[in-house]
Amino acid sequence: MSRPPIRLGVNIDHVATLRNARGTRYPDPVRAALLAQEAGADGITAHLREDRRHIVDDDIARLMEAIALPLNFEMAATAEMQEIALRHRPHAVCIVPEKREERTTEGGLDVAADANRLTGFIAPLRDAGCRVSLFIGHDARQIEAAVRVGAAVVELHTGHYCDLVAEGQGDAADVELAELRRAVRDAHGAGLEVHAGHGLTFDTIAPFAAMDAVRELNIGHFLIGEAVFMGLGPAITEMRHRMDAARV
Ligand code: PXP
């Protein structure tokens, strides 16, 4: 029996980080998105943060215009971001927790604690045709809450697992991977589509690509970093190759 396909979403935020570091117009994240499209990405992910530290409003407008691939618009659950999402109606909206002082998204959303507000927040996005996903950790309570608030998708946070692998903490990484595996099963069993992402590299992709119920992996920082050495297109092609190899 053939395995369900898995999509590769390429996050282009850090092309914008580099651009903004010098206040120039280049490198252009839209150009990176077009290159990712050519190289075999299945989707483009971009996170419009409240402080606009990388992607800015005009990037979202230009991405919507320029790319044929589905856009996964990552955002915090704020009124400002909801208004922007409803204006552009991207294919997908991924709701993430956001703290000003963090360097990147640390930890997942506390859906269970914010369930009433999130239910009201998600409904108009869903009605506008956006596939809403929630970025969560492997906590079973968050999966149950994701179903209750009306999300279609959960994206599981793989960052801690990737950190443990990078630090050589194999036993702790195995424990974390087992928790993530259980969460994939629970979320899939609850009728949610399951995605995963954060911190993934050539070395950590395989176990997630190998899980049938995982339908999308979103990867940014490593691919943009690797682009410096091997080029963005080849880095994406290599990641796709490793995903396919793990899924066979
Ligand atoms: N998925 C989500 C929800 C994220 O917030 C991020 C980081 O913006 C990623 C995936 C990609 O993480 P990384 O850049 O570490 O690959």
# chains A, B, ... in the order shown; residues from 1 in each chain; ligands from 1
>>> residues_around(residues="range 92-94 of chain A", least_positions_apart="3", cutoff="8 Å", atoms="only C-alpha atoms", output="NGL selection string")
:A and (70-75 or 85 or 125 or 130-135)
>>> write_last_selection(atoms="N, CA, C and O atoms", output="PDB file, in the first residue's frame")
ATOM      1  N   PRO A  70       0.807  27.210  -1.974  1.00  0.00           N
ATOM      2  CA  PRO A  70       0.035  27.684  -0.832  1.00  0.00           C
ATOM      3  C   PRO A  70       0.916  28.407   0.180  1.00  0.00           C
ATOM      4  O   PRO A  70       2.050  27.971   0.436  1.00  0.00           O
ATOM      5  N   LEU A  71       0.399  29.520   0.714  1.00  0.00           N
ATOM      6  CA  LEU A  71       1.129  30.250   1.759  1.00  0.00           C
ATOM      7  C   LEU A  71       0.588  29.852   3.126  1.00  0.00           C
ATOM      8  O   LEU A  71      -0.621  29.871   3.370  1.00  0.00           O
ATOM      9  N   ASN A  72       1.506  29.477   4.002  1.00  0.00           N
ATOM     10  CA  ASN A  72       1.192  29.188   5.395  1.00  0.00           C
ATOM     11  C   ASN A  72       1.609  30.425   6.193  1.00  0.00           C
ATOM     12  O   ASN A  72       2.797  30.692   6.361  1.00  0.00           O
ATOM     13  N   PHE A  73       0.637  31.188   6.621  1.00  0.00           N
ATOM     14  CA  PHE A  73       0.871  32.470   7.289  1.00  0.00           C
ATOM     15  C   PHE A  73       0.911  32.227   8.796  1.00  0.00           C
ATOM     16  O   PHE A  73      -0.097  31.904   9.409  1.00  0.00           O
ATOM     17  N   GLU A  74       2.115  32.364   9.363  1.00  0.00           N
ATOM     18  CA  GLU A  74       2.265  32.173  10.813  1.00  0.00           C
ATOM     19  C   GLU A  74       2.045  33.492  11.519  1.00  0.00           C
ATOM     20  O   GLU A  74       2.593  34.524  11.100  1.00  0.00           O
ATOM     21  N   MET A  75       1.301  33.437  12.601  1.00  0.00           N
ATOM     22  CA  MET A  75       0.990  34.685  13.309  1.00  0.00           C
ATOM     23  C   MET A  75       0.560  34.417  14.745  1.00  0.00           C
ATOM     24  O   MET A  75       0.144  33.307  15.088  1.00  0.00           O
ATOM     25  N   ALA A  85      -4.767  38.618   8.175  1.00  0.00           N
ATOM     26  CA  ALA A  85      -5.068  37.301   7.573  1.00  0.00           C
ATOM     27  C   ALA A  85      -6.390  37.338   6.821  1.00  0.00           C
ATOM     28  O   ALA A  85      -6.504  36.786   5.710  1.00  0.00           O
ATOM     29  N   LEU A 125     -11.548  32.975  10.655  1.00  0.00           N
ATOM     30  CA  LEU A 125     -10.471  32.553   9.748  1.00  0.00           C
ATOM     31  C   LEU A 125     -10.914  31.316   8.967  1.00  0.00           C
ATOM     32  O   LEU A 125     -10.710  31.207   7.752  1.00  0.00           O
ATOM     33  N   CYS A 130      -9.489  29.726   5.387  1.00  0.00           N
ATOM     34  CA  CYS A 130      -8.105  29.431   5.786  1.00  0.00           C
ATOM     35  C   CYS A 130      -8.078  28.125   6.590  1.00  0.00           C
ATOM     36  O   CYS A 130      -8.919  27.923   7.461  1.00  0.00           O
ATOM     37  N   ARG A 131      -7.101  27.295   6.299  1.00  0.00           N
ATOM     38  CA  ARG A 131      -6.890  26.071   7.096  1.00  0.00           C
ATOM     39  C   ARG A 131      -6.116  26.478   8.354  1.00  0.00           C
ATOM     40  O   ARG A 131      -4.979  26.912   8.258  1.00  0.00           O
ATOM     41  N   VAL A 132      -6.758  26.356   9.493  1.00  0.00           N
ATOM     42  CA  VAL A 132      -6.142  26.884  10.718  1.00  0.00           C
ATOM     43  C   VAL A 132      -5.389  25.793  11.459  1.00  0.00           C
ATOM     44  O   VAL A 132      -5.942  24.725  11.759  1.00  0.00           O
ATOM     45  N   SER A 133      -4.128  26.079  11.748  1.00  0.00           N
ATOM     46  CA  SER A 133      -3.360  25.129  12.546  1.00  0.00           C
ATOM     47  C   SER A 133      -2.847  25.804  13.809  1.00  0.00           C
ATOM     48  O   SER A 133      -2.702  27.031  13.870  1.00  0.00           O
ATOM     49  N   LEU A 134      -2.620  25.002  14.819  1.00  0.00           N
ATOM     50  CA  LEU A 134      -2.126  25.497  16.111  1.00  0.00           C
ATOM     51  C   LEU A 134      -0.785  24.852  16.397  1.00  0.00           C
ATOM     52  O   LEU A 134      -0.642  23.626  16.286  1.00  0.00           O
ATOM     53  N   PHE A 135       0.181  25.671  16.752  1.00  0.00           N
ATOM     54  CA  PHE A 135       1.537  25.185  17.038  1.00  0.00           C
ATOM     55  C   PHE A 135       1.602  24.813  18.512  1.00  0.00           C
ATOM     56  O   PHE A 135       1.506  25.687  19.380  1.00  0.00           O
TER      57      PHE A 135
END
>>> select_by_dssp(residues="range 152-210 of chain A", states="alpha helix (DSSP H)", output="number ranges by chain")
A: 159-166, 170-189, 206-209
>>> select_by_dssp(residues="range 117-196 of chain A", states="strand (DSSP E or B)", output="MDAnalysis selection string")
chainID A and resid 131:136 153:157 193:196
>>> write_last_selection(atoms="N, CA, C and O atoms", output="PDB file, in the first residue's frame")
ATOM      1  N   ARG A 131      -7.101  27.295   6.299  1.00  0.00           N
ATOM      2  CA  ARG A 131      -6.890  26.071   7.096  1.00  0.00           C
ATOM      3  C   ARG A 131      -6.116  26.478   8.354  1.00  0.00           C
ATOM      4  O   ARG A 131      -4.979  26.912   8.258  1.00  0.00           O
ATOM      5  N   VAL A 132      -6.758  26.356   9.493  1.00  0.00           N
ATOM      6  CA  VAL A 132      -6.142  26.884  10.718  1.00  0.00           C
ATOM      7  C   VAL A 132      -5.389  25.793  11.459  1.00  0.00           C
ATOM      8  O   VAL A 132      -5.942  24.725  11.759  1.00  0.00           O
ATOM      9  N   SER A 133      -4.128  26.079  11.748  1.00  0.00           N
ATOM     10  CA  SER A 133      -3.360  25.129  12.546  1.00  0.00           C
ATOM     11  C   SER A 133      -2.847  25.804  13.809  1.00  0.00           C
ATOM     12  O   SER A 133      -2.702  27.031  13.870  1.00  0.00           O
ATOM     13  N   LEU A 134      -2.620  25.002  14.819  1.00  0.00           N
ATOM     14  CA  LEU A 134      -2.126  25.497  16.111  1.00  0.00           C
ATOM     15  C   LEU A 134      -0.785  24.852  16.397  1.00  0.00           C
ATOM     16  O   LEU A 134      -0.642  23.626  16.286  1.00  0.00           O
ATOM     17  N   PHE A 135       0.181  25.671  16.752  1.00  0.00           N
ATOM     18  CA  PHE A 135       1.537  25.185  17.038  1.00  0.00           C
ATOM     19  C   PHE A 135       1.602  24.813  18.512  1.00  0.00           C
ATOM     20  O   PHE A 135       1.506  25.687  19.380  1.00  0.00           O
ATOM     21  N   ILE A 136       1.743  23.534  18.797  1.00  0.00           N
ATOM     22  CA  ILE A 136       1.658  23.065  20.188  1.00  0.00           C
ATOM     23  C   ILE A 136       2.804  22.099  20.516  1.00  0.00           C
ATOM     24  O   ILE A 136       3.428  21.514  19.628  1.00  0.00           O
ATOM     25  N   VAL A 153      -5.781  21.529  12.077  1.00  0.00           N
ATOM     26  CA  VAL A 153      -4.411  21.005  12.058  1.00  0.00           C
ATOM     27  C   VAL A 153      -3.712  21.340  13.373  1.00  0.00           C
ATOM     28  O   VAL A 153      -3.974  22.399  13.946  1.00  0.00           O
ATOM     29  N   VAL A 154      -2.835  20.436  13.819  1.00  0.00           N
ATOM     30  CA  VAL A 154      -1.858  20.854  14.834  1.00  0.00           C
ATOM     31  C   VAL A 154      -0.461  20.678  14.248  1.00  0.00           C
ATOM     32  O   VAL A 154      -0.198  19.713  13.516  1.00  0.00           O
ATOM     33  N   GLU A 155       0.394  21.645  14.530  1.00  0.00           N
ATOM     34  CA  GLU A 155       1.805  21.496  14.176  1.00  0.00           C
ATOM     35  C   GLU A 155       2.550  21.243  15.477  1.00  0.00           C
ATOM     36  O   GLU A 155       2.487  22.049  16.411  1.00  0.00           O
ATOM     37  N   LEU A 156       3.237  20.117  15.546  1.00  0.00           N
ATOM     38  CA  LEU A 156       3.941  19.744  16.773  1.00  0.00           C
ATOM     39  C   LEU A 156       5.345  20.347  16.775  1.00  0.00           C
ATOM     40  O   LEU A 156       6.067  20.305  15.765  1.00  0.00           O
ATOM     41  N   HIS A 157       5.721  20.877  17.927  1.00  0.00           N
ATOM     42  CA  HIS A 157       6.996  21.589  18.090  1.00  0.00           C
ATOM     43  C   HIS A 157       8.130  20.562  18.229  1.00  0.00           C
ATOM     44  O   HIS A 157       8.192  19.842  19.230  1.00  0.00           O
ATOM     45  N   GLU A 193      -5.299  16.999  11.257  1.00  0.00           N
ATOM     46  CA  GLU A 193      -4.144  16.777  10.385  1.00  0.00           C
ATOM     47  C   GLU A 193      -2.907  17.147  11.200  1.00  0.00           C
ATOM     48  O   GLU A 193      -2.935  18.119  11.963  1.00  0.00           O
ATOM     49  N   VAL A 194      -1.839  16.368  11.019  1.00  0.00           N
ATOM     50  CA  VAL A 194      -0.656  16.587  11.859  1.00  0.00           C
ATOM     51  C   VAL A 194       0.523  17.107  11.024  1.00  0.00           C
ATOM     52  O   VAL A 194       0.888  16.503  10.010  1.00  0.00           O
ATOM     53  N   HIS A 195       1.084  18.212  11.481  1.00  0.00           N
ATOM     54  CA  HIS A 195       2.312  18.764  10.908  1.00  0.00           C
ATOM     55  C   HIS A 195       3.366  18.793  12.003  1.00  0.00           C
ATOM     56  O   HIS A 195       3.042  18.601  13.185  1.00  0.00           O
ATOM     57  N   ALA A 196       4.602  19.049  11.620  1.00  0.00           N
ATOM     58  CA  ALA A 196       5.659  19.174  12.623  1.00  0.00           C
ATOM     59  C   ALA A 196       6.678  20.184  12.119  1.00  0.00           C
ATOM     60  O   ALA A 196       6.828  20.390  10.905  1.00  0.00           O
TER      61      ALA A 196
END
>>> residues_near_ligand(ligand="ligand 1", cutoff="10 Å", atoms="only C-alpha atoms and all ligand atoms", output="PyMOL selection string")
chain A and resi 9-14+45-49+72-76+93-98+103-109+133-136+154-159+162+195-201+217-225
>>> residues_around(residues="Ala36 in chain A", least_positions_apart="6", cutoff="9 Å", atoms="only C-alpha atoms", output="VMD selection string")
chain A and resid 10 12 42 to 44 232 to 233 236
>>> closest_residue(among="A:Ile60, A:Ala115, A:Ala190, A:Ala173", to="Tyr161 in chain A", atoms="only C-alpha atoms")
A:Ala173
>>> residues_around(residues="range 182-186 of chain A", least_positions_apart="3", cutoff="7 Å", atoms="only C-alpha atoms", output="number ranges by chain")
A: 138, 140, 178-179, 189-190, 194, 213
>>> write_last_selection(atoms="N, CA, C and O atoms", output="PDB file, in the first residue's frame")
ATOM      1  N   HIS A 138       3.818  18.484  22.858  1.00  0.00           N
ATOM      2  CA  HIS A 138       3.195  17.145  22.755  1.00  0.00           C
ATOM      3  C   HIS A 138       2.197  16.826  23.859  1.00  0.00           C
ATOM      4  O   HIS A 138       1.689  15.721  23.946  1.00  0.00           O
ATOM      5  N   ALA A 140      -0.961  16.075  25.811  1.00  0.00           N
ATOM      6  CA  ALA A 140      -2.259  15.529  25.366  1.00  0.00           C
ATOM      7  C   ALA A 140      -3.396  16.526  25.582  1.00  0.00           C
ATOM      8  O   ALA A 140      -4.345  16.577  24.791  1.00  0.00           O
ATOM      9  N   ALA A 178       9.634   9.784  21.611  1.00  0.00           N
ATOM     10  CA  ALA A 178       8.517   8.884  21.956  1.00  0.00           C
ATOM     11  C   ALA A 178       7.271   9.693  22.311  1.00  0.00           C
ATOM     12  O   ALA A 178       6.149   9.341  21.928  1.00  0.00           O
ATOM     13  N   GLU A 179       7.464  10.813  23.024  1.00  0.00           N
ATOM     14  CA  GLU A 179       6.332  11.694  23.371  1.00  0.00           C
ATOM     15  C   GLU A 179       5.725  12.299  22.105  1.00  0.00           C
ATOM     16  O   GLU A 179       4.511  12.400  21.968  1.00  0.00           O
ATOM     17  N   GLY A 189      -5.601  10.450  15.614  1.00  0.00           N
ATOM     18  CA  GLY A 189      -6.780   9.697  16.085  1.00  0.00           C
ATOM     19  C   GLY A 189      -7.951  10.609  16.404  1.00  0.00           C
ATOM     20  O   GLY A 189      -9.114  10.205  16.293  1.00  0.00           O
ATOM     21  N   ALA A 190      -7.643  11.848  16.789  1.00  0.00           N
ATOM     22  CA  ALA A 190      -8.697  12.807  17.132  1.00  0.00           C
ATOM     23  C   ALA A 190      -9.233  13.521  15.891  1.00  0.00           C
ATOM     24  O   ALA A 190     -10.070  14.418  15.999  1.00  0.00           O
ATOM     25  N   VAL A 194      -1.839  16.368  11.019  1.00  0.00           N
ATOM     26  CA  VAL A 194      -0.656  16.587  11.859  1.00  0.00           C
ATOM     27  C   VAL A 194       0.523  17.107  11.024  1.00  0.00           C
ATOM     28  O   VAL A 194       0.888  16.503  10.010  1.00  0.00           O
ATOM     29  N   ALA A 213       1.280   9.557   9.680  1.00  0.00           N
ATOM     30  CA  ALA A 213       0.257  10.553  10.022  1.00  0.00           C
ATOM     31  C   ALA A 213       0.787  11.987   9.927  1.00  0.00           C
ATOM     32  O   ALA A 213       0.011  12.928   9.951  1.00  0.00           O
TER      33      ALA A 213
END
>>> atom_distance(atom1="CA of Pro4 in chain A", atom2="CA of Ala41 in chain A")
16.8 Å
>>> atom_distance(atom1="CA of Asp171 in chain A", atom2="CA of Gln142 in chain A")
24.9 Å
>>> closest_residue(among="A:Val214, A:His54, A:His91, A:Asp244", to="Arg22 in chain A", atoms="only C-alpha atoms")
A:His54
>>> residues_around(residues="Gly150 in chain A", least_positions_apart="6", cutoff="9 Å", atoms="only C-alpha atoms", output="compact mmCIF listing (two decimals) with N, CA and C atoms, in the first residue's frame")
# COMPACT_ATOMS: atom_id res chain seq x y z
N LEU A 118 -9.67 31.44 21.79
CA LEU A 118 -9.21 30.87 20.51
C LEU A 118 -10.38 30.38 19.66
N THR A 119 -11.42 29.87 20.29
CA THR A 119 -12.59 29.41 19.52
C THR A 119 -13.15 30.58 18.71
N ILE A 122 -10.58 31.72 15.90
CA ILE A 122 -10.40 30.82 14.75
C ILE A 122 -11.60 30.86 13.81
N ALA A 123 -12.79 30.99 14.36
CA ALA A 123 -14.01 30.84 13.55
C ALA A 123 -14.01 31.72 12.28
N ARG A 126 -11.53 30.40 9.70
CA ARG A 126 -12.04 29.17 9.06
C ARG A 126 -13.13 29.53 8.07
N VAL A 132 -6.76 26.36 9.49
CA VAL A 132 -6.14 26.88 10.72
C VAL A 132 -5.39 25.79 11.46
>>> closest_residue(among="A:Val175, A:Thr204, A:Pro5, A:Asp51", to="Glu102 in chain A", atoms="only C-alpha atoms")
A:Asp51
>>> residues_around(residues="Asp28 in chain A", least_positions_apart="3", cutoff="12 Å", atoms="only C-alpha atoms", output="mmCIF file with N, CA, C and O atoms, in the first residue's frame")
data_model
loop_
_atom_site.group_PDB
_atom_site.id
_atom_site.type_symbol
_atom_site.label_atom_id
_atom_site.label_comp_id
_atom_site.auth_asym_id
_atom_site.auth_seq_id
_atom_site.Cartn_x
_atom_site.Cartn_y
_atom_site.Cartn_z
ATOM 1 N N ILE A 12 10.707 31.143 4.857
ATOM 2 C CA ILE A 12 11.694 32.064 4.269
ATOM 3 C C ILE A 12 11.960 33.291 5.173
ATOM 4 O O ILE A 12 12.576 34.256 4.729
ATOM 5 N N ASP A 13 11.537 33.209 6.424
ATOM 6 C CA ASP A 13 11.707 34.352 7.343
ATOM 7 C C ASP A 13 13.138 34.883 7.383
ATOM 8 O O ASP A 13 13.369 36.093 7.435
ATOM 9 N N HIS A 14 14.097 33.961 7.410
ATOM 10 C CA HIS A 14 15.459 34.421 7.700
ATOM 11 C C HIS A 14 16.182 34.987 6.485
ATOM 12 O O HIS A 14 17.277 35.546 6.623
ATOM 13 N N VAL A 15 15.564 34.907 5.326
ATOM 14 C CA VAL A 15 16.062 35.705 4.202
ATOM 15 C C VAL A 15 15.748 37.172 4.523
ATOM 16 O O VAL A 15 16.579 38.062 4.316
ATOM 17 N N ALA A 16 14.567 37.367 5.092
ATOM 18 C CA ALA A 16 14.185 38.733 5.494
ATOM 19 C C ALA A 16 15.025 39.228 6.679
ATOM 20 O O ALA A 16 15.342 40.415 6.767
ATOM 21 N N THR A 17 15.407 38.299 7.570
ATOM 22 C CA THR A 17 16.275 38.695 8.702
ATOM 23 C C THR A 17 17.573 39.311 8.168
ATOM 24 O O THR A 17 18.036 40.347 8.633
ATOM 25 N N LEU A 18 18.128 38.654 7.164
ATOM 26 C CA LEU A 18 19.393 39.104 6.568
ATOM 27 C C LEU A 18 19.203 40.457 5.868
ATOM 28 O O LEU A 18 20.008 41.375 6.021
ATOM 29 N N ARG A 19 18.122 40.556 5.128
ATOM 30 C CA ARG A 19 17.814 41.826 4.449
ATOM 31 C C ARG A 19 17.701 42.957 5.462
ATOM 32 O O ARG A 19 18.307 44.017 5.315
ATOM 33 N N ASN A 20 16.930 42.693 6.529
ATOM 34 C CA ASN A 20 16.652 43.759 7.497
ATOM 35 C C ASN A 20 17.888 44.154 8.306
ATOM 36 O O ASN A 20 17.964 45.267 8.814
ATOM 37 N N GLY A 23 19.114 46.837 6.271
ATOM 38 C CA GLY A 23 18.142 47.834 5.808
ATOM 39 C C GLY A 23 18.144 48.010 4.299
ATOM 40 O O GLY A 23 17.810 49.078 3.780
ATOM 41 N N THR A 24 18.526 46.948 3.592
ATOM 42 C CA THR A 24 18.544 47.007 2.120
ATOM 43 C C THR A 24 17.251 46.392 1.569
ATOM 44 O O THR A 24 16.374 45.999 2.341
ATOM 45 N N ARG A 25 17.132 46.269 0.262
ATOM 46 C CA ARG A 25 15.976 45.600 -0.332
ATOM 47 C C ARG A 25 16.294 44.141 -0.651
ATOM 48 O O ARG A 25 15.446 43.417 -1.133
ATOM 49 N N ARG A 31 11.905 36.315 -3.676
ATOM 50 C CA ARG A 31 12.781 35.609 -4.622
ATOM 51 C C ARG A 31 13.119 34.219 -4.080
ATOM 52 O O ARG A 31 13.146 33.229 -4.814
ATOM 53 N N ALA A 32 13.361 34.146 -2.770
ATOM 54 C CA ALA A 32 13.649 32.848 -2.143
ATOM 55 C C ALA A 32 12.445 31.921 -2.260
ATOM 56 O O ALA A 32 12.595 30.712 -2.504
ATOM 57 N N ALA A 33 11.253 32.473 -2.113
ATOM 58 C CA ALA A 33 10.038 31.645 -2.218
ATOM 59 C C ALA A 33 9.888 31.088 -3.636
ATOM 60 O O ALA A 33 9.531 29.913 -3.827
ATOM 61 N N LEU A 34 10.197 31.925 -4.630
ATOM 62 C CA LEU A 34 10.092 31.466 -6.022
ATOM 63 C C LEU A 34 11.124 30.374 -6.298
ATOM 64 O O LEU A 34 10.844 29.381 -6.974
ATOM 65 N N LEU A 35 12.309 30.542 -5.723
ATOM 66 C CA LEU A 35 13.360 29.531 -5.882
ATOM 67 C C LEU A 35 12.974 28.218 -5.181
ATOM 68 O O LEU A 35 13.185 27.131 -5.702
ATOM 69 N N HIS A 54 11.509 40.292 10.923
ATOM 70 C CA HIS A 54 11.964 39.741 9.633
ATOM 71 C C HIS A 54 10.932 40.027 8.537
ATOM 72 O O HIS A 54 11.056 40.990 7.808
ATOM 73 N N ILE A 55 9.946 39.199 8.410
ATOM 74 C CA ILE A 55 8.910 39.439 7.387
ATOM 75 C C ILE A 55 8.136 40.715 7.736
ATOM 76 O O ILE A 55 7.790 40.945 8.900
ATOM 77 N N VAL A 56 7.871 41.537 6.711
ATOM 78 C CA VAL A 56 7.074 42.751 6.925
ATOM 79 C C VAL A 56 5.791 42.639 6.102
ATOM 80 O O VAL A 56 5.660 41.754 5.244
ATOM 81 N N ASP A 58 4.525 44.177 3.634
ATOM 82 C CA ASP A 58 4.642 44.196 2.177
ATOM 83 C C ASP A 58 5.126 42.840 1.632
ATOM 84 O O ASP A 58 4.768 42.452 0.525
ATOM 85 N N ASP A 59 5.924 42.112 2.416
ATOM 86 C CA ASP A 59 6.363 40.769 1.982
ATOM 87 C C ASP A 59 5.153 39.844 1.837
ATOM 88 O O ASP A 59 5.084 39.046 0.902
ATOM 89 N N ILE A 60 4.234 39.935 2.785
ATOM 90 C CA ILE A 60 3.045 39.063 2.723
ATOM 91 C C ILE A 60 2.226 39.402 1.478
ATOM 92 O O ILE A 60 1.815 38.512 0.727
ATOM 93 N N ARG A 62 3.291 40.721 -1.285
ATOM 94 C CA ARG A 62 4.020 40.301 -2.494
ATOM 95 C C ARG A 62 4.045 38.782 -2.630
ATOM 96 O O ARG A 62 3.960 38.240 -3.740
ATOM 97 N N LEU A 63 4.126 38.066 -1.506
ATOM 98 C CA LEU A 63 4.094 36.592 -1.576
ATOM 99 C C LEU A 63 2.743 36.128 -2.113
ATOM 100 O O LEU A 63 2.673 35.232 -2.959
#
